[in-house]
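Chemist: My file is final.csv. It has CSV, C-alpha atoms:
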```csv
chain,number,residue,atom,x,y,z
A,681,MET,CA,0.0,0.0,0.0
A,682,ILE,CA,2.8,2.4,0.9
A,683,GLU,CA,4.4,2.0,-2.5
A,684,ALA,CA,1.1,3.0,-4.1
A,685,ILE,CA,1.0,6.4,-2.3
A,686,PRO,CA,3.3,8.3,-4.7
A,687,HIS,CA,1.3,7.2,-7.6
A,688,THR,CA,-2.0,8.1,-5.9
A,689,LEU,CA,-0.6,11.6,-5.1
A,690,SER,CA,0.7,12.2,-8.6
A,691,SER,CA,-2.4,11.0,-10.3
A,692,GLN,CA,-5.1,12.1,-7.9
A,693,GLY,CA,-3.4,14.7,-5.6
A,694,TRP,CA,-5.6,17.6,-6.8
A,695,TRP,CA,-8.7,15.6,-6.4
A,696,ILE,CA,-7.8,14.7,-2.8
A,697,ILE,CA,-7.0,18.3,-2.1
A,698,SER,CA,-10.4,19.4,-3.5
A,699,ARG,CA,-12.2,16.8,-1.4
A,700,SER,CA,-10.4,17.6,1.8
A,701,SER,CA,-10.8,21.4,1.4
A,702,ALA,CA,-14.5,21.0,0.5
A,703,MET,CA,-15.1,19.1,3.7
A,704,VAL,CA,-13.2,21.6,5.8
A,705,ALA,CA,-15.1,24.5,4.0
A,706,PHE,CA,-18.4,22.8,4.8
A,707,ALA,CA,-17.5,22.2,8.4
A,708,LEU,CA,-16.5,25.9,8.8
A,709,VAL,CA,-19.5,27.3,7.0
A,710,THR,CA,-21.7,25.1,9.3
A,711,ALA,CA,-19.9,26.3,12.4
A,712,SER,CA,-20.1,29.9,11.3
A,713,VAL,CA,-23.8,29.8,10.5
A,714,PHE,CA,-24.5,27.9,13.7
A,715,LEU,CA,-22.6,30.6,15.8
A,716,GLY,CA,-24.3,33.4,13.9
A,717,LEU,CA,-27.8,32.0,14.5
A,718,THR,CA,-27.0,31.3,18.1
A,719,MET,CA,-25.8,34.9,18.6
A,720,ALA,CA,-28.9,36.3,16.9
A,721,GLY,CA,-31.0,34.3,19.4
A,722,LYS,CA,-29.2,36.2,22.2
A,723,PRO,CA,-29.0,33.2,24.6
A,724,LEU,CA,-26.8,35.1,27.1
A,725,ARG,CA,-26.5,38.9,27.4
A,726,GLU,CA,-23.0,38.7,28.9
A,727,PRO,CA,-20.8,41.1,26.8
A,728,GLN,CA,-17.8,38.8,27.1
A,729,PHE,CA,-19.7,35.8,25.8
A,730,THR,CA,-21.1,37.8,22.9
A,731,LYS,CA,-17.7,39.1,22.1
A,732,THR,CA,-16.2,35.6,22.0
A,733,MET,CA,-19.1,34.3,19.9
A,734,ARG,CA,-18.7,37.2,17.4
A,735,ALA,CA,-14.9,36.6,17.2
A,736,LEU,CA,-15.4,32.9,16.5
A,737,HIS,CA,-18.2,33.6,14.0
A,738,GLU,CA,-15.9,36.0,12.0
A,739,GLN,CA,-12.9,33.7,12.2
A,740,THR,CA,-14.7,30.6,11.1
A,741,ALA,CA,-16.3,32.6,8.2
A,742,LEU,CA,-13.0,33.9,7.0
A,743,ALA,CA,-11.4,30.4,7.3
A,744,ALA,CA,-14.3,29.0,5.3
A,745,LEU,CA,-13.7,31.5,2.5
A,746,VAL,CA,-10.0,30.4,2.4
A,747,ALA,CA,-11.1,26.7,2.2
A,748,ILE,CA,-13.6,27.5,-0.5
A,749,GLY,CA,-10.8,29.3,-2.5
A,750,ILE,CA,-8.5,26.2,-2.1
A,751,HIS,CA,-11.4,23.9,-3.2
A,752,VAL,CA,-12.0,26.0,-6.4
A,753,VAL,CA,-8.2,26.1,-7.2
A,754,ALA,CA,-7.9,22.3,-6.7
A,755,VAL,CA,-10.9,21.6,-8.9
A,756,LEU,CA,-9.5,23.9,-11.6
A,757,ALA,CA,-6.2,22.1,-11.5
A,758,ASP,CA,-7.6,18.6,-11.5
A,759,PRO,CA,-6.1,17.0,-14.7
A,760,TRP,CA,-9.0,14.5,-15.0
A,761,LEU,CA,-11.8,16.9,-14.6
A,762,LYS,CA,-10.3,19.7,-16.7
A,763,PRO,CA,-13.2,22.1,-15.9
A,764,GLY,CA,-11.5,25.2,-17.4
A,765,VAL,CA,-12.0,28.7,-15.9
A,766,ALA,CA,-15.6,28.9,-17.2
A,767,GLY,CA,-16.4,25.6,-15.5
A,768,VAL,CA,-15.6,26.8,-12.1
A,769,ALA,CA,-16.5,30.5,-12.6
A,770,VAL,CA,-19.8,30.3,-14.5
A,771,PRO,CA,-22.7,28.3,-12.9
A,772,PHE,CA,-24.1,25.3,-14.9
A,773,VAL,CA,-21.2,25.2,-17.4
A,774,LEU,CA,-19.4,22.2,-16.0
A,775,SER,CA,-21.0,19.1,-17.7
A,776,LEU,CA,-20.3,16.7,-14.8
A,777,ASN,CA,-23.2,16.9,-12.4
A,778,ARG,CA,-24.2,20.2,-14.1
A,779,PHE,CA,-27.0,21.2,-11.7
A,780,TRP,CA,-25.3,20.3,-8.4
A,781,ASN,CA,-22.0,21.9,-9.4
A,782,GLY,CA,-23.9,24.9,-10.7
A,783,ILE,CA,-25.4,25.6,-7.3
A,784,GLY,CA,-22.0,25.1,-5.8
A,785,VAL,CA,-20.6,27.9,-7.9
A,786,ILE,CA,-23.5,30.1,-6.8
A,787,ALA,CA,-22.9,29.2,-3.2
A,788,ALA,CA,-19.3,30.2,-3.5
A,789,TYR,CA,-20.1,33.6,-5.0
A,790,LEU,CA,-22.7,34.2,-2.3
A,791,ALA,CA,-20.3,33.2,0.4
A,792,PHE,CA,-17.7,35.7,-0.7
A,793,LEU,CA,-20.2,38.5,-1.3
A,794,LEU,CA,-22.0,38.1,2.0
A,795,GLY,CA,-19.0,37.2,4.0
A,796,LEU,CA,-16.8,40.1,2.9
A,797,SER,CA,-19.8,42.6,3.0
A,798,PHE,CA,-19.1,42.7,6.8
A,799,TYR,CA,-16.1,44.9,6.0
A,800,LEU,CA,-18.1,47.2,3.8
A,801,ARG,CA,-20.8,48.0,6.3
A,802,ARG,CA,-19.7,51.6,6.4
A,803,TYR,CA,-20.5,52.0,2.7
A,804,ILE,CA,-23.5,49.7,2.5
A,805,GLY,CA,-25.2,50.9,5.7
A,806,ALA,CA,-25.7,48.8,8.8
A,807,LYS,CA,-29.4,48.2,8.2
A,808,ARG,CA,-28.9,47.1,4.6
A,809,TRP,CA,-26.0,44.9,5.6
A,810,ARG,CA,-28.0,43.2,8.3
A,811,ILE,CA,-30.8,42.4,5.8
A,812,ALA,CA,-28.2,41.0,3.3
A,813,HIS,CA,-26.4,39.0,6.1
A,814,ARG,CA,-29.6,37.1,6.9
A,815,ALA,CA,-29.3,35.5,3.4
A,816,THR,CA,-26.1,33.7,4.6
A,817,ILE,CA,-28.2,30.7,5.5
A,818,VAL,CA,-28.7,30.3,1.7
A,819,VAL,CA,-24.9,29.7,1.4
A,820,TYR,CA,-25.2,26.8,3.9
A,821,VAL,CA,-28.3,25.3,2.2
A,822,LEU,CA,-26.8,25.5,-1.3
A,823,GLY,CA,-23.4,24.2,0.0
A,824,LEU,CA,-25.2,21.2,1.6
A,825,PHE,CA,-27.1,20.4,-1.6
A,826,HIS,CA,-23.9,20.8,-3.6
A,827,ALA,CA,-22.1,18.4,-1.3
A,828,LEU,CA,-25.0,15.9,-1.4
A,829,GLY,CA,-25.5,16.1,-5.2
A,830,ALA,CA,-21.9,16.4,-6.5
A,831,GLY,CA,-19.7,15.3,-3.6
A,832,SER,CA,-17.5,12.3,-4.0
A,833,ASP,CA,-18.0,11.5,-0.3
A,834,THR,CA,-21.7,11.8,-0.2
A,835,GLY,CA,-22.1,8.1,0.5
A,836,SER,CA,-19.7,8.1,3.5
A,837,LEU,CA,-21.4,7.6,6.8
A,838,VAL,CA,-19.2,10.2,8.6
A,839,PHE,CA,-20.4,12.9,6.2
A,840,LEU,CA,-24.0,11.9,6.4
A,841,VAL,CA,-24.0,11.8,10.2
A,842,PHE,CA,-22.2,15.2,10.3
A,843,ALA,CA,-24.7,16.8,7.9
A,844,ALA,CA,-27.7,15.4,9.7
A,845,VAL,CA,-26.4,16.3,13.2
A,846,THR,CA,-25.6,19.9,12.2
A,847,ALA,CA,-28.5,20.5,9.9
A,848,ALA,CA,-31.1,19.8,12.6
A,849,PRO,CA,-30.0,22.4,15.2
A,850,ILE,CA,-29.4,25.0,12.4
A,851,ALA,CA,-32.9,24.5,11.1
A,852,ILE,CA,-34.3,24.9,14.6
A,853,LEU,CA,-32.2,28.0,15.3
A,854,PHE,CA,-33.3,29.5,12.0
A,855,VAL,CA,-37.0,29.0,12.7
A,856,TYR,CA,-36.5,30.4,16.2
A,857,ARG,CA,-34.7,33.4,14.7
A,858,LEU,CA,-37.4,34.1,12.2
A,859,GLY,CA,-39.9,34.1,15.1
A,860,ALA,CA,-37.7,36.3,17.2
A,861,SER,CA,-37.3,38.9,14.5
A,862,ARG,CA,-41.0,38.9,13.9
A,863,ARG,CA,-41.7,39.4,17.6
A,864,ALA,CA,-39.1,42.2,17.7
A,865,GLY,CA,-40.8,43.9,14.8
A,866,GLU,CA,-44.1,43.7,16.5
A,867,ARG,CA,-42.6,45.1,19.7
A,868,ARG,CA,-41.1,48.0,17.8
A,869,GLN,CA,-44.4,48.8,16.1
A,870,ARG,CA,-46.2,48.7,19.4
A,871,ALA,CA,-43.7,51.0,20.9
A,872,VAL,CA,-44.1,53.5,18.0
A,873,ARG,CA,-47.9,53.4,18.3
A,874,GLU,CA,-47.7,54.0,22.1
A,875,ARG,CA,-45.3,56.9,21.6
A,876,SER,CA,-47.5,58.5,19.0
A,877,ARG,CA,-50.6,58.0,21.2
A,878,ALA,CA,-48.8,59.6,24.2
A,879,ALA,CA,-47.7,62.5,22.0
A,880,ALA,CA,-51.3,63.0,20.9
A,881,HIS,CA,-52.5,62.9,24.5
A,882,ALA,CA,-49.9,65.5,25.5
A,883,ARG,CA,-51.0,67.8,22.6
A,884,LEU,CA,-54.6,67.4,23.6
A,885,ALA,CA,-53.9,68.2,27.2
A,886,GLU,CA,-51.9,71.3,26.2
A,887,SER,CA,-54.7,72.6,24.0
A,888,VAL,CA,-57.3,72.0,26.8
A,889,TYR,CA,-55.0,73.8,29.2
A,890,ASP,CA,-54.6,76.7,26.7
A,891,THR,CA,-58.4,77.1,26.3
A,892,VAL,CA,-59.0,77.0,30.0
B,113,MET,CA,-13.8,33.8,29.1
B,114,THR,CA,-11.2,35.3,26.8
B,115,THR,CA,-11.7,36.2,23.2
B,116,PRO,CA,-10.3,33.4,21.0
B,117,ARG,CA,-7.4,34.1,18.8
B,118,PRO,CA,-7.7,33.5,15.1
B,119,ARG,CA,-4.7,31.1,15.5
B,120,ALA,CA,-7.0,28.5,17.1
B,121,VAL,CA,-9.4,28.4,14.2
B,122,VAL,CA,-6.5,28.4,11.7
B,123,ILE,CA,-4.7,25.5,13.4
B,124,GLY,CA,-8.0,23.6,13.8
B,125,SER,CA,-8.9,24.0,10.2
B,126,LEU,CA,-5.4,23.0,9.0
B,127,SER,CA,-5.4,20.0,11.3
B,128,LEU,CA,-8.7,18.8,9.9
B,129,PHE,CA,-7.5,19.4,6.3
B,130,VAL,CA,-4.3,17.4,7.0
B,131,VAL,CA,-6.2,14.5,8.6
B,132,LEU,CA,-8.6,14.3,5.8
B,133,PHE,CA,-5.9,14.5,3.2
B,134,VAL,CA,-3.9,11.7,4.8
B,135,VAL,CA,-7.0,9.5,5.3
B,136,LEU,CA,-8.2,9.9,1.7
B,137,THR,CA,-4.7,9.3,0.3
B,138,PHE,CA,-4.3,6.1,2.3
B,139,GLU,CA,-7.8,5.0,1.4
B,140,LEU,CA,-7.2,5.5,-2.3
B,141,SER,CA,-3.7,3.9,-2.1
B,142,ALA,CA,-5.0,0.9,-0.3
B,143,SER,CA,-7.8,0.2,-2.7
B,144,ALA,CA,-5.5,0.8,-5.7
B,145,SER,CA,-2.8,-1.6,-4.4
B,146,THR,CA,-5.1,-4.6,-4.1
B,147,SER,CA,-5.6,-6.1,-7.5
B,148,ALA,CA,-9.2,-6.7,-7.0
B,149,GLY,CA,-9.8,-3.3,-5.7
B,150,LYS,CA,-8.0,-1.6,-8.5
B,151,THR,CA,-10.9,-1.2,-10.8
B,152,GLN,CA,-13.2,-0.4,-7.9
B,153,ALA,CA,-10.8,2.4,-6.8
B,154,THR,CA,-10.6,3.8,-10.3
B,155,ARG,CA,-14.4,3.8,-10.6
B,156,LYS,CA,-14.8,5.3,-7.2
B,157,ALA,CA,-12.1,7.9,-7.9
B,158,ARG,CA,-13.5,9.0,-11.1
B,159,PRO,CA,-17.2,8.8,-11.4
B,160,ALA,CA,-18.4,8.4,-14.9
B,161,SER,CA,-19.8,11.5,-16.4
B,162,THR,CA,-23.6,11.7,-16.5
B,163,GLU,CA,-23.5,12.9,-20.0
B,164,THR,CA,-21.9,10.1,-21.9
B,165,LYS,CA,-21.4,10.5,-25.5
B,166,THR,CA,-23.6,8.3,-27.5
B,167,GLU,CA,-22.4,7.2,-30.9
B,168,ALA,CA,-24.8,8.3,-33.6
B,169,VAL,CA,-26.5,5.4,-35.2
B,170,GLU,CA,-25.9,5.5,-38.8
B,171,GLU,CA,-29.0,5.5,-40.8
B,172,PRO,CA,-29.1,3.6,-44.0
B,173,GLU,CA,-28.3,5.9,-46.9
B,174,GLU,CA,-31.0,6.8,-49.2
B,175,PRO,CA,-30.5,5.9,-52.8
B,176,ALA,CA,-29.1,8.7,-54.9
B,177,SER,CA,-31.8,10.7,-56.6
B,178,GLY,CA,-32.2,10.0,-60.3
B,179,TYR,CA,-31.1,6.5,-60.1
B,180,THR,CA,-33.3,3.7,-58.9
B,181,GLU,CA,-32.5,0.2,-59.4
B,182,THR,CA,-35.5,-1.6,-60.7
B,183,GLU,CA,-36.1,-5.2,-61.3
B,184,PRO,CA,-36.2,-6.2,-64.9
B,185,GLU,CA,-39.6,-6.7,-66.2
B,186,PRO,CA,-40.4,-10.3,-67.2
B,187,GLU,CA,-40.4,-10.7,-70.9
B,188,TYR,CA,-43.8,-11.2,-72.5
B,189,VAL,CA,-44.4,-14.7,-73.4
B,190,GLU,CA,-47.2,-15.5,-75.7
B,191,PRO,CA,-49.4,-18.1,-74.2
B,192,GLU,CA,-49.5,-21.3,-76.1
B,193,VAL,CA,-52.8,-22.0,-77.6
B,194,GLU,CA,-53.8,-25.5,-78.2
B,195,GLU,CA,-55.1,-26.0,-81.7
B,196,VAL,CA,-58.4,-27.6,-81.5
B,197,PRO,CA,-59.6,-29.5,-84.6
B,198,PRO,CA,-62.8,-28.1,-86.1
B,199,VAL,CA,-65.8,-30.1,-85.2
B,200,VAL,CA,-67.8,-31.1,-88.3
B,201,THR,CA,-71.4,-31.5,-87.9
B,202,SER,CA,-73.4,-33.3,-90.5
B,203,SER,CA,-76.8,-32.2,-91.3
B,204,SER,CA,-79.2,-34.7,-92.7
```
Just dump the structure as structure tokens.

Modeler:
Amino acid sequence: MIEAIPHTLSSQGWWIISRSSAMVAFALVTASVFLGLTMAGKPLREPQFTKTMRALHEQTALAALVAIGIHVVAVLADPWLKPGVAGVAVPFVLSLNRFWNGIGVIAAYLAFLLGLSFYLRRYIGAKRWRIAHRATIVVYVLGLFHALGAGSDTGSLVFLVFAAVTAAPIAILFVYRLGASRRAGERRQRAVRERSRAAAHARLAESVYDTV
Amino acid sequence: MTTPRPRAVVIGSLSLFVVLFVVLTFELSASASTSAGKTQATRKARPASTETKTEAVEEPEEPASGYTETEPEPEYVEPEVEEVPPVVTSSS
């Protein structure tokens, strides 16, 4: 077996790199999304805890982008696949597993756009950035489908267990977050209504006082 | 609780990458070294493309226009007629 390693590395080295980096990227995206959703739920209001979570969220997201970059380069360099620049840059161009690889390309673009938009908040605006950042879950979902549809290790038990174990809490957290943001919106509207009602009362009282 | 350093995430990711790389290399080498598993490893390593080229089935060529080979018409053979001797009837 040992004597077969050099041959394996020379013939399938890029493919092994692309598989390894893809699994690392998926694990990091999963961790980052999980941390982001947990933070949004505000489980603890301790500032130090929030600071730690935010740092981990950012670091895992950046590491995921690096892993995605390595995956793309390894796929591009694969001598068997020969996807060409268009195959890895334009969705649905690569003929092998066209649909699943196509959504993988879209997921990569979204990951870079949404991930790096954090550093452009000043130009985008905090509110607009927050709305866009909520779409990061799409990167995770597309990445999961890309892995299941086009991944070479889709059949491995380790991957399936990892995907199932992580997808369930992410789905629960996402639903919880949707509910939380709706409740926050309702609270905000109620506060605005009460404030305007109080202002109207004050104006009425003032006018009554003036007439008396 | 202290703020984690980026180094922890980088080292963790690199370690995972190296472990996966080593495991996959050994897995492929092991299956390639066994004679029976050689073909299986190749198949596993390189999944066949979903879009396989299919050779176009050659349709029979149509005969060139203007020329049609026809069967020769049978020659006209005059039917043989048996000569019947005239029947003589006597009238009394």

Chemist: Distance cut-off 7 Å, counting all atoms listed in the file - which residues of chain A neighbour chain B? Return them as a short mmCIF file (atom, residue, chain, number, x, y, z; two decimals) with C-alpha atoms, in the frame of the given file.

Modeler:
```cif
data_model
loop_
_atom_site.label_atom_id
_atom_site.label_comp_id
_atom_site.auth_asym_id
_atom_site.auth_seq_id
_atom_site.Cartn_x
_atom_site.Cartn_y
_atom_site.Cartn_z
CA MET A 681 0.00 0.00 0.00
CA ALA A 684 1.10 3.00 -4.10
CA ILE A 685 1.00 6.40 -2.30
CA THR A 688 -2.00 8.10 -5.90
CA ILE A 696 -7.80 14.70 -2.80
CA ILE A 697 -7.00 18.30 -2.10
CA SER A 700 -10.40 17.60 1.80
CA SER A 701 -10.80 21.40 1.40
CA VAL A 704 -13.20 21.60 5.80
CA GLN A 728 -17.80 38.80 27.10
CA LYS A 731 -17.70 39.10 22.10
CA THR A 732 -16.20 35.60 22.00
CA ALA A 735 -14.90 36.60 17.20
CA LEU A 736 -15.40 32.90 16.50
CA GLN A 739 -12.90 33.70 12.20
CA THR A 740 -14.70 30.60 11.10
CA ALA A 743 -11.40 30.40 7.30
CA LEU A 776 -20.30 16.70 -14.80
CA ASN A 777 -23.20 16.90 -12.40
#
```

Chemist: If we count only C-alpha atoms and set the cut-off at 10 Å, which residues sit around Gly721 (chain A), ignoring sequence neighbours fewer than 2 positions away in its own chain? Please answer as a list in words.

Modeler: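 Neighbouring residues, sequence-local ones excluded: Leu715, Gly716, Leu717, Thr718, Met719, Pro723, Leu724, Leu853, Phe854, Tyr856, Arg857, Leu858, Gly859, Ala860 and Ser861 of chain A.
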
Chemist: Save the residues we just selected, C-alpha atoms, as an mmCIF file, in the coordinates of the input?

Modeler:
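Generated file (out08.cif):
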```
data_model
loop_
_atom_site.group_PDB
_atom_site.id
_atom_site.type_symbol
_atom_site.label_atom_id
_atom_site.label_comp_id
_atom_site.auth_asym_id
_atom_site.auth_seq_id
_atom_site.Cartn_x
_atom_site.Cartn_y
_atom_site.Cartn_z
ATOM 1 C CA LEU A 715 -22.600 30.600 15.800
ATOM 2 C CA GLY A 716 -24.300 33.400 13.900
ATOM 3 C CA LEU A 717 -27.800 32.000 14.500
ATOM 4 C CA THR A 718 -27.000 31.300 18.100
ATOM 5 C CA MET A 719 -25.800 34.900 18.600
ATOM 6 C CA PRO A 723 -29.000 33.200 24.600
ATOM 7 C CA LEU A 724 -26.800 35.100 27.100
ATOM 8 C CA LEU A 853 -32.200 28.000 15.300
ATOM 9 C CA PHE A 854 -33.300 29.500 12.000
ATOM 10 C CA TYR A 856 -36.500 30.400 16.200
ATOM 11 C CA ARG A 857 -34.700 33.400 14.700
ATOM 12 C CA LEU A 858 -37.400 34.100 12.200
ATOM 13 C CA GLY A 859 -39.900 34.100 15.100
ATOM 14 C CA ALA A 860 -37.700 36.300 17.200
ATOM 15 C CA SER A 861 -37.300 38.900 14.500
#
```

Chemist: Mind pulling up the distance from CA of Trp695 (chain A) to CA of Leu824 (chain A)?

Modeler: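 Here the two named atoms are 19.2 Å from each other.
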
Chemist: Do you have the CA of Arg883 (chain A)-CA of Arg870 (chain A) distance handy?

Modeler: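 These atoms are spaced 20.0 Å apart.
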
Chemist: Could you jot down the CA of Val713 (chain A) to CA of Ile850 (chain A) separation for me, Å, one decimal place?

Modeler: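 So the two atoms, CA of Val713 (chain A) and CA of Ile850 (chain A), lie 7.6 Å apart.
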
Chemist: Assuming the input is short of atoms at region 696-712 of chain A, produce N, CA and C atoms for that part as a PDB file, keeping the file's coordinate frame.

Modeler:
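Final output, out_14.pdb:
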```
ATOM      1  N   ILE A 696      -7.758  14.842  -4.265  1.00  0.00           N
ATOM      2  CA  ILE A 696      -7.800  14.700  -2.800  1.00  0.00           C
ATOM      3  C   ILE A 696      -7.781  16.022  -2.104  1.00  0.00           C
ATOM      4  N   ILE A 697      -7.026  16.977  -2.653  1.00  0.00           N
ATOM      5  CA  ILE A 697      -7.000  18.300  -2.100  1.00  0.00           C
ATOM      6  C   ILE A 697      -8.411  18.951  -2.165  1.00  0.00           C
ATOM      7  N   SER A 698      -9.038  18.788  -3.323  1.00  0.00           N
ATOM      8  CA  SER A 698     -10.400  19.400  -3.500  1.00  0.00           C
ATOM      9  C   SER A 698     -11.398  18.775  -2.563  1.00  0.00           C
ATOM     10  N   ARG A 699     -11.299  17.468  -2.351  1.00  0.00           N
ATOM     11  CA  ARG A 699     -12.200  16.800  -1.400  1.00  0.00           C
ATOM     12  C   ARG A 699     -11.999  17.240   0.009  1.00  0.00           C
ATOM     13  N   SER A 700     -10.724  17.265   0.409  1.00  0.00           N
ATOM     14  CA  SER A 700     -10.400  17.600   1.800  1.00  0.00           C
ATOM     15  C   SER A 700     -10.812  19.083   2.079  1.00  0.00           C
ATOM     16  N   SER A 701     -10.475  19.979   1.146  1.00  0.00           N
ATOM     17  CA  SER A 701     -10.800  21.400   1.400  1.00  0.00           C
ATOM     18  C   SER A 701     -12.308  21.618   1.357  1.00  0.00           C
ATOM     19  N   ALA A 702     -13.020  20.847   0.537  1.00  0.00           N
ATOM     20  CA  ALA A 702     -14.500  21.000   0.500  1.00  0.00           C
ATOM     21  C   ALA A 702     -15.086  20.586   1.848  1.00  0.00           C
ATOM     22  N   MET A 703     -14.565  19.509   2.420  1.00  0.00           N
ATOM     23  CA  MET A 703     -15.100  19.100   3.700  1.00  0.00           C
ATOM     24  C   MET A 703     -14.786  20.067   4.818  1.00  0.00           C
ATOM     25  N   VAL A 704     -13.567  20.628   4.767  1.00  0.00           N
ATOM     26  CA  VAL A 704     -13.200  21.600   5.800  1.00  0.00           C
ATOM     27  C   VAL A 704     -14.079  22.885   5.583  1.00  0.00           C
ATOM     28  N   ALA A 705     -14.278  23.289   4.329  1.00  0.00           N
ATOM     29  CA  ALA A 705     -15.100  24.500   4.000  1.00  0.00           C
ATOM     30  C   ALA A 705     -16.534  24.252   4.556  1.00  0.00           C
ATOM     31  N   PHE A 706     -17.062  23.066   4.311  1.00  0.00           N
ATOM     32  CA  PHE A 706     -18.400  22.800   4.800  1.00  0.00           C
ATOM     33  C   PHE A 706     -18.538  22.813   6.279  1.00  0.00           C
ATOM     34  N   ALA A 707     -17.537  22.235   6.933  1.00  0.00           N
ATOM     35  CA  ALA A 707     -17.500  22.200   8.400  1.00  0.00           C
ATOM     36  C   ALA A 707     -17.453  23.662   8.948  1.00  0.00           C
ATOM     37  N   LEU A 708     -16.613  24.491   8.310  1.00  0.00           N
ATOM     38  CA  LEU A 708     -16.500  25.900   8.800  1.00  0.00           C
ATOM     39  C   LEU A 708     -17.699  26.720   8.515  1.00  0.00           C
ATOM     40  N   VAL A 709     -18.297  26.535   7.341  1.00  0.00           N
ATOM     41  CA  VAL A 709     -19.500  27.300   7.000  1.00  0.00           C
ATOM     42  C   VAL A 709     -20.627  26.875   8.033  1.00  0.00           C
ATOM     43  N   THR A 710     -20.698  25.579   8.311  1.00  0.00           N
ATOM     44  CA  THR A 710     -21.700  25.100   9.300  1.00  0.00           C
ATOM     45  C   THR A 710     -21.460  25.721  10.644  1.00  0.00           C
ATOM     46  N   ALA A 711     -20.194  25.740  11.086  1.00  0.00           N
ATOM     47  CA  ALA A 711     -19.900  26.300  12.400  1.00  0.00           C
ATOM     48  C   ALA A 711     -20.201  27.804  12.427  1.00  0.00           C
ATOM     49  N   SER A 712     -19.856  28.494  11.342  1.00  0.00           N
ATOM     50  CA  SER A 712     -20.100  29.900  11.300  1.00  0.00           C
ATOM     51  C   SER A 712     -21.579  30.272  11.318  1.00  0.00           C
TER      52      SER A 712
END
```
